[in-house]
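A.B. asks: Once you've had a glance at the structure underneath, I'll fire off some questions.
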Amino acid sequence: MKLLKVLGTKPWLHDTEAGGVAAYAGPDNEAAARIALRFVLAIVGVLFFLFIITFLSRSQYPDFEALAGAPWQPFTDPTRLWFNTSLLFMASVAMQWGLGGTRQGKLNVAVTGISAAVFFTLMFIVAQMDLWLHLQSMGYYITSNPANSYFYVLTAIHALHLIGGLVILSNVVFRVWYDNKLESLAAPLQLCTTYWHFLFGVWLVLFALLSSRPETINALAAMCGF
Amino acid sequence: MQHVAIADQPDELHDPQSFIAKYVWSQDHKVIAIQYGGTAIFVGLIALVLSGLMRLQLGFPDTFDFIDPSSYLQFVTMHGMIMVIYLLTALLLGGFGNYLIPLMVGARDMVFPFMNMLSYWVYLLSVLILLASFFVPGGPTGAGWTLYPPQAILEGTPGYDWGILLMLVSLAVFIVAFTMGGLNYVTTVLQARCRGMTLMRMPLTIWGIFTATVLGILAFPALLVSAIMMILDKTLGTSFFMPVLVSLGESLEYTGGSPILFQHLFWFFGHPEVYIVALPAFGMVSDVLSVHARKNIFGYRMMVWAIVAIGGLSFIVWAHHMYVSGMHPAFGFFFATTTLIIAVPTAIKVYNWVLTLWRGNIHLTVPMLFAIGFIFTFTHGGLTGLFLGNVTIDLPLSDTYFVVAHFHMVMGVSPIMVLFAAIYHWFPLMSGKMFNETLGKWHFWCTFLGTYAIYLPMHYLGFLGVPRRYFAMGTTNFIPESAQTLNAQITIAALLVGLSQLIFLYNILWSLRYGEKSKKNPWGAASLEWQTPDQPPRHGNWGPELPEVHRWAYDYSVPGVKEDFIPQNHPVTAEERTDGEGGHA
Ligand code: HEM
Ligand SMILES: [Cu+2]
């Protein structure tokens, strides 16, 4: 336990006893950005965690109708969701591939990978919006049922996070473009890639939740004490 | 994730030249801190005026035509929300966090200066949105600072239409601002400390700000989630929180949501929020006490542990705000127990502050007076908290003036005391000038005694059953006449306290312009922020070389050393070595 060790040091003792002056690697931008990313992931994680908890709690009220289960419910057959998932999966893979290319200094791989990632991410968002239209055409409006409300809210918030990622990514890419140094791309691109994988993971959880049958949702809610 | 960051170069290289770059679009943490602080104090004054208006109504009912029941509720709501979020959170973290973190850990700036600047401008935007609600049809929301649905968005509550929306949007924007600032604070503390500044050598101020920021990062999402869902309930008609109901004879479309769910979310944020405000205050007051008592802080490690423990525990006590909404007795028991357990680390801190004073060489300077005042008000408010933490005692007292008295003592006045202590303490560093000592003392005594004149009687009103958030006592005829006399007295005291803040403003503004030039490090403080080559520190803080730290921040009155303090960046000398283990008492 590093934390316990830190909390156990005796700062009133001098140099060596209290960790000395050597324990210092200089200000390090890359490490700082890595730490900041961890906090960002924690924040985003907490945000979705809280949404999911309220989802489970809200699911125990009589007006809640899960979006899967009965044959006429839209996500009983989750084919469309799988299709969208595969788009986001491709985005993640492309990011990873582009990152690999960057590390090896292969400009064309880097450019192709990143462009493909952006393309697939945008496709995912478009496909999600198309899913919205599809649900609406079937009469599943945001207000007709709390399960629908959650579907729209969760997908929208998730998409907003992707868009935020795209903004950061373009910032990173243009900076490198200006500096004309491919080496300096690897570190920030690594962070973007981690973010993309994380959002893919979040999406998988949301997918599982939204396409769960009522029994599953009830069991989860019971586990949380609702 | 790319960023320009720390830029470990001498300041000349990137000292901005034009006025705009220097003072408006500044990325210098010190300028941003002042911008945050100025804005926060400005809205704080609005909240203060609102409290004066409320007190006028309560003290002298039927006298003021321009205060009707609706506007009273609007004043209550805006007063509470502004004080808690837009003043205290912003001033403690955005203001002091920004100013002190880089200086106290020996960095040139925050690690993401651009994001830091953005944080301030987004905060300003949230303030403007909030203030805009005074000018929209229906005025600001009157739902109480807790914004409980369903009433917050139903006809009949003042500002149910525009006011509440602006409030929720403003909160969401504030959270974005806080997050951008918060990422900077935690990362800077973790990554940009100078050579030798181990975590356990950081001043307690930094520990307090750091832990509070982590709490904020984990707690504010709960407020964001509830704000988003309430906005949707209001605008699109979803039923996250809104139950099936009939309003003004009309049945609404809501299909049966859960208002209690909102309460849980709100207080899952709301209780840690108390500590987001309290922990930085704890840290700063520790440093002020230690410097002005010329003694090391008693039990430094215990203080750090207590900060961390309080931070952790603060996430599992939220439902003590919800006893009256009804809950399973087992939950009531759980939340009462955890609440009382928090009292342990908190009490440890109070003992340590007192023990720091014990046999210290106490200088009763203005900051010290405020710091000691804080020990009083905080202990006082903390003790009534122990009462309210118990379900059976809370039930009758909830929603009475006892609660108002309690939370004002513990999270209203106490952090304000520390803020004043901190402003007076660091004013010479920030401005290079000294403030007027006499005026400062007047300000202290008016504020401190006035506080007691306001809030002590409120406890008693609470026992009498005087309800909270009431425009007038109306037909609550079990309350004796004398309560009204007391109310009038409280109002007079409150107005005097409010007015005495003008002394403070005058003192600060006057001293900025005409104040005597301050000596370097006038209090003889050991921590790093006072050891910069210039006072006030220039852009880049440290001149060409970053400092190097050799000791903790509390080497005061070390035996066998001539000066009564040794700065943190002072190397360990042979002479010190000879008298025992580093010459520590
Ligand atoms: C001279 C200073 C102050 C005075 C005279 C004052 C007075 C009041 C009054 C009269 C109320 C309304 C009580 C009611 O009708 O229920 C109130 C509510 C409140 N005050 Fe203050 N206050 C002061 C400072 C502060 C500060 C510094 C804070 C910071 C935390 C604060 C936080 C609150 C909160 C959170 C509420 C509850 C609002 C609500 O019920 O929705 N106040 N205050
Ligand atoms: Cu609480």
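Residues in the structure tokens are named by chain (A, B, ... in the order shown) and by number from 1 within that chain; ligands are numbered from 1 in the order shown.
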Near chain A, which residues of chain B fall within 7 Å when you count only C-alpha atoms, and what do they look like as a short mmCIF file (atom, residue, chain, number, x, y, z; two decimals) with all heavy atoms, in the first residue's frame?

C.D. replies:
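The new file out-v9.cif reads:
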```cif
data_model
loop_
_atom_site.label_atom_id
_atom_site.label_comp_id
_atom_site.auth_asym_id
_atom_site.auth_seq_id
_atom_site.Cartn_x
_atom_site.Cartn_y
_atom_site.Cartn_z
N MET B 1 -5.38 15.83 -25.23
CA MET B 1 -4.60 15.75 -23.98
C MET B 1 -3.28 16.48 -24.09
O MET B 1 -2.48 16.47 -23.18
CB MET B 1 -4.31 14.30 -23.63
CG MET B 1 -5.55 13.49 -23.29
SD MET B 1 -6.39 14.14 -21.86
CE MET B 1 -8.08 13.99 -22.43
N GLN B 2 -3.04 17.08 -25.23
CA GLN B 2 -1.79 17.83 -25.37
C GLN B 2 -1.89 19.13 -24.59
O GLN B 2 -2.97 19.68 -24.41
CB GLN B 2 -1.58 18.15 -26.85
CG GLN B 2 -0.30 18.88 -27.15
CD GLN B 2 0.88 17.95 -27.12
OE1 GLN B 2 0.75 16.82 -27.53
NE2 GLN B 2 2.00 18.41 -26.63
N ALA B 5 1.68 23.58 -20.63
CA ALA B 5 2.13 23.24 -19.29
C ALA B 5 3.42 23.85 -18.79
O ALA B 5 3.94 24.79 -19.34
CB ALA B 5 2.21 21.75 -19.13
N ILE B 6 3.91 23.19 -17.80
CA ILE B 6 4.75 23.77 -16.75
C ILE B 6 5.82 24.74 -17.22
O ILE B 6 6.16 25.67 -16.52
CB ILE B 6 5.37 22.64 -15.93
CG1 ILE B 6 4.27 21.67 -15.54
CG2 ILE B 6 6.04 23.17 -14.71
CD1 ILE B 6 4.77 20.33 -15.09
N LEU B 183 -9.28 19.38 -12.09
CA LEU B 183 -8.27 18.53 -12.72
C LEU B 183 -6.89 19.17 -12.57
O LEU B 183 -5.90 18.49 -12.30
CB LEU B 183 -8.58 18.37 -14.21
CG LEU B 183 -9.66 17.37 -14.55
CD1 LEU B 183 -9.95 17.41 -16.03
CD2 LEU B 183 -9.23 15.98 -14.14
N THR B 187 -3.86 17.44 -10.33
CA THR B 187 -2.68 17.05 -11.10
C THR B 187 -1.46 17.86 -10.69
O THR B 187 -0.36 17.33 -10.62
CB THR B 187 -2.95 17.22 -12.60
OG1 THR B 187 -4.27 16.81 -12.87
CG2 THR B 187 -2.01 16.40 -13.42
N GLN B 191 1.81 16.14 -9.50
CA GLN B 191 2.88 16.06 -10.50
C GLN B 191 3.87 17.20 -10.51
O GLN B 191 4.97 17.05 -11.04
CB GLN B 191 2.25 15.96 -11.89
CG GLN B 191 1.95 14.55 -12.29
CD GLN B 191 3.19 13.70 -12.26
OE1 GLN B 191 4.23 14.10 -12.75
NE2 GLN B 191 3.11 12.53 -11.66
N ALA B 192 3.52 18.35 -9.98
CA ALA B 192 4.39 19.50 -10.21
C ALA B 192 5.09 19.97 -8.94
O ALA B 192 5.54 21.11 -8.87
CB ALA B 192 3.61 20.64 -10.85
N ARG B 195 11.49 19.83 -6.17
CA ARG B 195 12.41 18.86 -5.60
C ARG B 195 12.33 18.87 -4.07
O ARG B 195 12.43 19.92 -3.45
CB ARG B 195 13.82 19.20 -6.05
CG ARG B 195 14.88 18.23 -5.69
CD ARG B 195 16.22 18.71 -6.20
NE ARG B 195 16.32 18.58 -7.66
CZ ARG B 195 16.78 17.47 -8.27
NH1 ARG B 195 17.17 16.45 -7.56
NH2 ARG B 195 16.83 17.42 -9.57
N GLY B 196 12.14 17.71 -3.50
CA GLY B 196 12.12 17.60 -2.04
C GLY B 196 10.76 17.77 -1.42
O GLY B 196 10.58 17.50 -0.24
N THR B 198 7.96 16.25 -0.69
CA THR B 198 7.21 15.00 -0.64
C THR B 198 5.78 15.30 -0.19
O THR B 198 5.50 16.38 0.33
CB THR B 198 7.85 14.03 0.36
OG1 THR B 198 7.88 14.67 1.63
CG2 THR B 198 9.25 13.66 -0.05
N MET B 200 4.11 14.30 2.26
CA MET B 200 3.95 14.58 3.68
C MET B 200 4.72 15.81 4.13
O MET B 200 4.77 16.13 5.31
CB MET B 200 4.38 13.36 4.51
CG MET B 200 3.40 12.21 4.41
SD MET B 200 1.73 12.62 4.91
CE MET B 200 1.79 12.27 6.65
N ARG B 201 5.35 16.50 3.19
CA ARG B 201 5.93 17.79 3.57
C ARG B 201 5.04 18.94 3.12
O ARG B 201 5.38 20.10 3.32
CB ARG B 201 7.30 17.95 2.93
CG ARG B 201 8.40 17.30 3.73
CD ARG B 201 9.70 17.55 3.04
NE ARG B 201 10.80 16.93 3.75
CZ ARG B 201 11.98 16.72 3.20
NH1 ARG B 201 12.18 17.07 1.95
NH2 ARG B 201 12.94 16.16 3.89
N ILE B 217 -14.68 16.30 -7.28
CA ILE B 217 -14.66 15.57 -8.54
C ILE B 217 -15.61 14.38 -8.47
O ILE B 217 -16.26 14.03 -9.45
CB ILE B 217 -13.20 15.16 -8.83
CG1 ILE B 217 -12.47 16.33 -9.46
CG2 ILE B 217 -13.16 13.95 -9.71
CD1 ILE B 217 -11.02 16.04 -9.72
N LEU B 218 -15.70 13.75 -7.30
CA LEU B 218 -16.57 12.58 -7.20
C LEU B 218 -18.00 12.94 -6.84
O LEU B 218 -18.92 12.17 -7.10
CB LEU B 218 -16.01 11.62 -6.14
CG LEU B 218 -14.62 11.08 -6.46
CD1 LEU B 218 -14.12 10.19 -5.34
CD2 LEU B 218 -14.63 10.30 -7.76
N PRO B 221 -20.63 15.18 -9.92
CA PRO B 221 -21.43 14.44 -10.91
C PRO B 221 -22.84 14.12 -10.41
O PRO B 221 -23.78 14.10 -11.21
CB PRO B 221 -20.61 13.17 -11.15
CG PRO B 221 -19.21 13.60 -10.93
CD PRO B 221 -19.27 14.61 -9.81
N ALA B 222 -23.00 13.88 -9.13
CA ALA B 222 -24.35 13.57 -8.64
C ALA B 222 -25.27 14.77 -8.84
O ALA B 222 -26.43 14.62 -9.23
CB ALA B 222 -24.30 13.19 -7.16
N VAL B 225 -26.03 14.96 -12.60
CA VAL B 225 -27.03 13.98 -12.99
C VAL B 225 -28.42 14.47 -12.59
O VAL B 225 -29.36 14.45 -13.39
CB VAL B 225 -26.72 12.62 -12.35
CG1 VAL B 225 -27.90 11.68 -12.47
CG2 VAL B 225 -25.50 12.00 -12.99
N GLY B 237 -40.85 16.91 -20.19
CA GLY B 237 -41.94 16.19 -19.56
C GLY B 237 -41.64 14.73 -19.25
O GLY B 237 -42.54 13.91 -19.12
N THR B 238 -40.36 14.37 -19.12
CA THR B 238 -40.05 13.02 -18.64
C THR B 238 -40.47 12.91 -17.18
O THR B 238 -40.81 13.91 -16.55
CB THR B 238 -38.54 12.76 -18.74
OG1 THR B 238 -37.87 13.82 -18.04
CG2 THR B 238 -38.08 12.73 -20.17
N SER B 239 -40.43 11.70 -16.65
CA SER B 239 -40.87 11.51 -15.26
C SER B 239 -39.79 10.85 -14.42
O SER B 239 -40.04 9.86 -13.76
CB SER B 239 -42.11 10.64 -15.21
OG SER B 239 -43.06 11.10 -16.11
N PHE B 240 -38.59 11.40 -14.46
CA PHE B 240 -37.55 10.82 -13.60
C PHE B 240 -37.92 11.03 -12.13
O PHE B 240 -37.92 10.10 -11.34
CB PHE B 240 -36.21 11.47 -13.88
CG PHE B 240 -35.64 11.12 -15.21
CD1 PHE B 240 -35.52 12.07 -16.20
CD2 PHE B 240 -35.22 9.83 -15.48
CE1 PHE B 240 -34.97 11.75 -17.43
CE2 PHE B 240 -34.68 9.50 -16.70
CZ PHE B 240 -34.57 10.47 -17.68
N THR B 255 -45.74 10.32 -15.20
CA THR B 255 -46.24 8.95 -15.08
C THR B 255 -45.85 8.27 -13.77
O THR B 255 -46.13 7.10 -13.59
CB THR B 255 -45.72 8.08 -16.24
OG1 THR B 255 -44.30 8.09 -16.19
CG2 THR B 255 -46.21 8.58 -17.56
N GLY B 256 -45.16 8.95 -12.89
CA GLY B 256 -44.92 8.28 -11.61
C GLY B 256 -43.47 8.11 -11.25
O GLY B 256 -42.99 7.01 -11.00
N VAL B 549 13.25 21.84 -1.59
CA VAL B 549 12.71 21.78 -0.23
C VAL B 549 13.48 20.78 0.60
O VAL B 549 13.79 19.68 0.14
CB VAL B 549 11.21 21.43 -0.29
CG1 VAL B 549 10.71 20.96 1.05
CG2 VAL B 549 10.42 22.62 -0.76
N HIS B 550 13.79 21.16 1.83
CA HIS B 550 14.58 20.27 2.69
C HIS B 550 13.88 19.89 3.97
O HIS B 550 14.42 19.16 4.77
CB HIS B 550 15.90 20.95 3.05
CG HIS B 550 16.74 21.24 1.86
ND1 HIS B 550 17.64 20.34 1.35
CD2 HIS B 550 16.80 22.32 1.04
CE1 HIS B 550 18.22 20.85 0.29
NE2 HIS B 550 17.72 22.06 0.07
N ARG B 551 12.70 20.43 4.19
CA ARG B 551 12.06 20.19 5.48
C ARG B 551 10.58 20.44 5.34
O ARG B 551 10.11 20.91 4.30
CB ARG B 551 12.66 21.12 6.53
CG ARG B 551 12.53 22.58 6.11
CD ARG B 551 13.20 23.52 7.08
NE ARG B 551 14.64 23.53 6.92
CZ ARG B 551 15.47 23.24 7.91
NH1 ARG B 551 15.01 22.90 9.10
NH2 ARG B 551 16.78 23.29 7.73
N TRP B 552 9.83 20.13 6.41
CA TRP B 552 8.40 20.38 6.34
C TRP B 552 8.12 21.86 6.54
O TRP B 552 9.05 22.65 6.72
CB TRP B 552 7.65 19.51 7.35
CG TRP B 552 7.90 19.85 8.82
CD1 TRP B 552 8.96 20.53 9.31
CD2 TRP B 552 7.08 19.50 9.91
NE1 TRP B 552 8.86 20.63 10.66
CE2 TRP B 552 7.70 20.01 11.06
CE3 TRP B 552 5.88 18.82 10.06
CZ2 TRP B 552 7.16 19.85 12.34
CZ3 TRP B 552 5.36 18.67 11.32
CH2 TRP B 552 5.99 19.18 12.44
N GLY B 582 17.94 16.48 14.09
CA GLY B 582 17.38 17.55 13.27
C GLY B 582 16.78 18.64 14.10
O GLY B 582 16.05 19.47 13.61
#
```

A.B. asks: What do you get as number ranges by chain if you pick all residues at most 8 Å from ligand 1, counting only C-alpha atoms and all ligand atoms?

C.D. replies: B: 47-48, 51-52, 54-55, 58, 72-73, 76-84, 87-88, 143-147, 399-401, 404, 407-408, 411-413, 415-416, 451, 454, 467-471, 491, 494-495, 497-498

A.B. asks: Select, from B:Leu509, B:Leu93, B:Leu546, B:Leu45, the residue with the minimum atom-to-atom distance to Asn569 of chain B, counting only C-alpha atoms.

C.D. replies: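 Among the listed residues, the smallest separation from Asn569 of chain B belongs to B:Leu546.
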
A.B. asks: Hey, which residues come within 7 Å of ligand 2 if we count only C-alpha atoms and all ligand atoms? Could you give them as a PyMOL selection string?

C.D. replies: chain B and resi 270-271+274+317-318+320-321

A.B. asks: Name all residues at most 8 Å from Val403 of chain B (count only C-alpha atoms; drop same-chain ones fewer than 5 positions away) and give them as a CSV table (one decimal) with N, CA, C and O atoms, in the first residue's frame.

C.D. replies:
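As a result, selection-v6.csv now contains:
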```csv
chain,number,residue,atom,x,y,z
B,388,LEU,N,-28.2,16.8,15.8
B,388,LEU,CA,-29.0,16.6,14.6
B,388,LEU,C,-28.7,15.3,13.9
B,388,LEU,O,-29.5,14.8,13.2
B,397,LEU,N,-36.6,18.7,15.3
B,397,LEU,CA,-35.8,19.9,15.1
B,397,LEU,C,-35.7,20.3,13.6
B,397,LEU,O,-35.4,21.4,13.3
B,398,SER,N,-35.8,19.3,12.8
B,398,SER,CA,-35.7,19.5,11.4
B,398,SER,C,-36.6,20.6,10.9
B,398,SER,O,-37.7,20.6,11.4
B,459,HIS,N,-30.9,29.1,17.9
B,459,HIS,CA,-31.0,27.8,18.5
B,459,HIS,C,-32.3,27.8,19.3
B,459,HIS,O,-33.1,26.8,19.3
B,462,GLY,N,-35.4,27.7,17.5
B,462,GLY,CA,-35.6,26.4,17.0
B,462,GLY,C,-36.3,25.5,18.0
B,462,GLY,O,-37.3,24.8,17.7
```

A.B. asks: With a distance cut-off of 12 Å and only C-alpha atoms, select the neighbouring residues of segment 118-123 of chain A, excluding the residue or stretch itself and same-chain residues fewer than 4 positions from it, and output the selection as a VMD selection string.

C.D. replies: chain A and resid 83 to 95 98 111 to 114 127 to 130 158 to 170 173 192 to 193 196 to 197 199 to 200

A.B. asks: Can I get the selected residues back with C-alpha atoms, as a PDB file, in the first residue's frame?

C.D. replies:
```pdb
ATOM      1  CA  PHE A  83     -24.475  -3.110 -35.482  1.00  0.00           C
ATOM      2  CA  ASN A  84     -23.823   0.190 -33.704  1.00  0.00           C
ATOM      3  CA  THR A  85     -21.566  -1.538 -31.234  1.00  0.00           C
ATOM      4  CA  SER A  86     -19.451  -2.928 -34.023  1.00  0.00           C
ATOM      5  CA  LEU A  87     -18.970   0.604 -35.375  1.00  0.00           C
ATOM      6  CA  LEU A  88     -17.646   1.840 -32.073  1.00  0.00           C
ATOM      7  CA  PHE A  89     -15.533  -1.274 -31.769  1.00  0.00           C
ATOM      8  CA  MET A  90     -13.983  -0.509 -35.145  1.00  0.00           C
ATOM      9  CA  ALA A  91     -13.248   3.018 -33.951  1.00  0.00           C
ATOM     10  CA  SER A  92     -11.406   1.647 -30.942  1.00  0.00           C
ATOM     11  CA  VAL A  93      -9.457  -0.808 -33.061  1.00  0.00           C
ATOM     12  CA  ALA A  94      -8.535   1.897 -35.545  1.00  0.00           C
ATOM     13  CA  MET A  95      -7.282   4.132 -32.748  1.00  0.00           C
ATOM     14  CA  GLY A  98      -3.033   4.281 -35.526  1.00  0.00           C
ATOM     15  CA  VAL A 111      -2.965   8.997 -40.484  1.00  0.00           C
ATOM     16  CA  THR A 112      -5.097   6.140 -41.748  1.00  0.00           C
ATOM     17  CA  GLY A 113      -5.730   4.824 -38.263  1.00  0.00           C
ATOM     18  CA  ILE A 114      -6.766   8.138 -36.822  1.00  0.00           C
ATOM     19  CA  ALA A 127     -26.207   5.335 -36.290  1.00  0.00           C
ATOM     20  CA  GLN A 128     -27.297   6.113 -32.740  1.00  0.00           C
ATOM     21  CA  MET A 129     -29.294   9.056 -34.011  1.00  0.00           C
ATOM     22  CA  ASP A 130     -30.846   6.872 -36.628  1.00  0.00           C
ATOM     23  CA  HIS A 158     -22.460   8.950 -24.169  1.00  0.00           C
ATOM     24  CA  ALA A 159     -22.405  10.532 -27.609  1.00  0.00           C
ATOM     25  CA  LEU A 160     -21.538  13.905 -26.089  1.00  0.00           C
ATOM     26  CA  HIS A 161     -18.531  12.311 -24.459  1.00  0.00           C
ATOM     27  CA  LEU A 162     -17.438  10.935 -27.796  1.00  0.00           C
ATOM     28  CA  ILE A 163     -17.808  14.352 -29.363  1.00  0.00           C
ATOM     29  CA  GLY A 164     -15.715  15.817 -26.556  1.00  0.00           C
ATOM     30  CA  GLY A 165     -13.105  13.176 -27.342  1.00  0.00           C
ATOM     31  CA  LEU A 166     -13.160  14.146 -30.996  1.00  0.00           C
ATOM     32  CA  VAL A 167     -12.530  17.778 -30.119  1.00  0.00           C
ATOM     33  CA  ILE A 168      -9.526  16.842 -28.012  1.00  0.00           C
ATOM     34  CA  LEU A 169      -8.264  14.451 -30.651  1.00  0.00           C
ATOM     35  CA  SER A 170      -8.412  17.073 -33.377  1.00  0.00           C
ATOM     36  CA  VAL A 173      -3.560  16.134 -34.289  1.00  0.00           C
ATOM     37  CA  CYS A 192      -6.963   9.476 -26.496  1.00  0.00           C
ATOM     38  CA  THR A 193      -6.904   5.781 -27.275  1.00  0.00           C
ATOM     39  CA  TRP A 196     -11.860   5.659 -26.620  1.00  0.00           C
ATOM     40  CA  HIS A 197     -11.518   2.179 -25.139  1.00  0.00           C
ATOM     41  CA  LEU A 199     -16.065   4.880 -23.749  1.00  0.00           C
ATOM     42  CA  PHE A 200     -16.423   1.650 -25.658  1.00  0.00           C
TER      43      PHE A 200
END
```

A.B. asks: Enumerate, as an MDAnalysis selection string, the complete set of residues in segment 34-215 of chain B that a backbone-based DSSP assignment places in helix (DSSP H, G or I).

C.D. replies: chainID B and resid 34:59 69:105 113:132 151:153 162:191 199:201 204:215

A.B. asks: In Å, how far is it from atom CA of Leu130 of chain B to atom CA of Leu223 of chain B?

C.D. replies: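 Atom-to-atom, atom CA of Leu130 of chain B to atom CA of Leu223 of chain B, that is 16.0 Å.
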
A.B. asks: Mind checking which residues fall within 9 Å of Val350 of chain B, counting only C-alpha atoms, ignoring those fewer than 6 positions away in the same chain, and posting them as a VMD selection string?

C.D. replies: chain B and resid 375 378 to 379
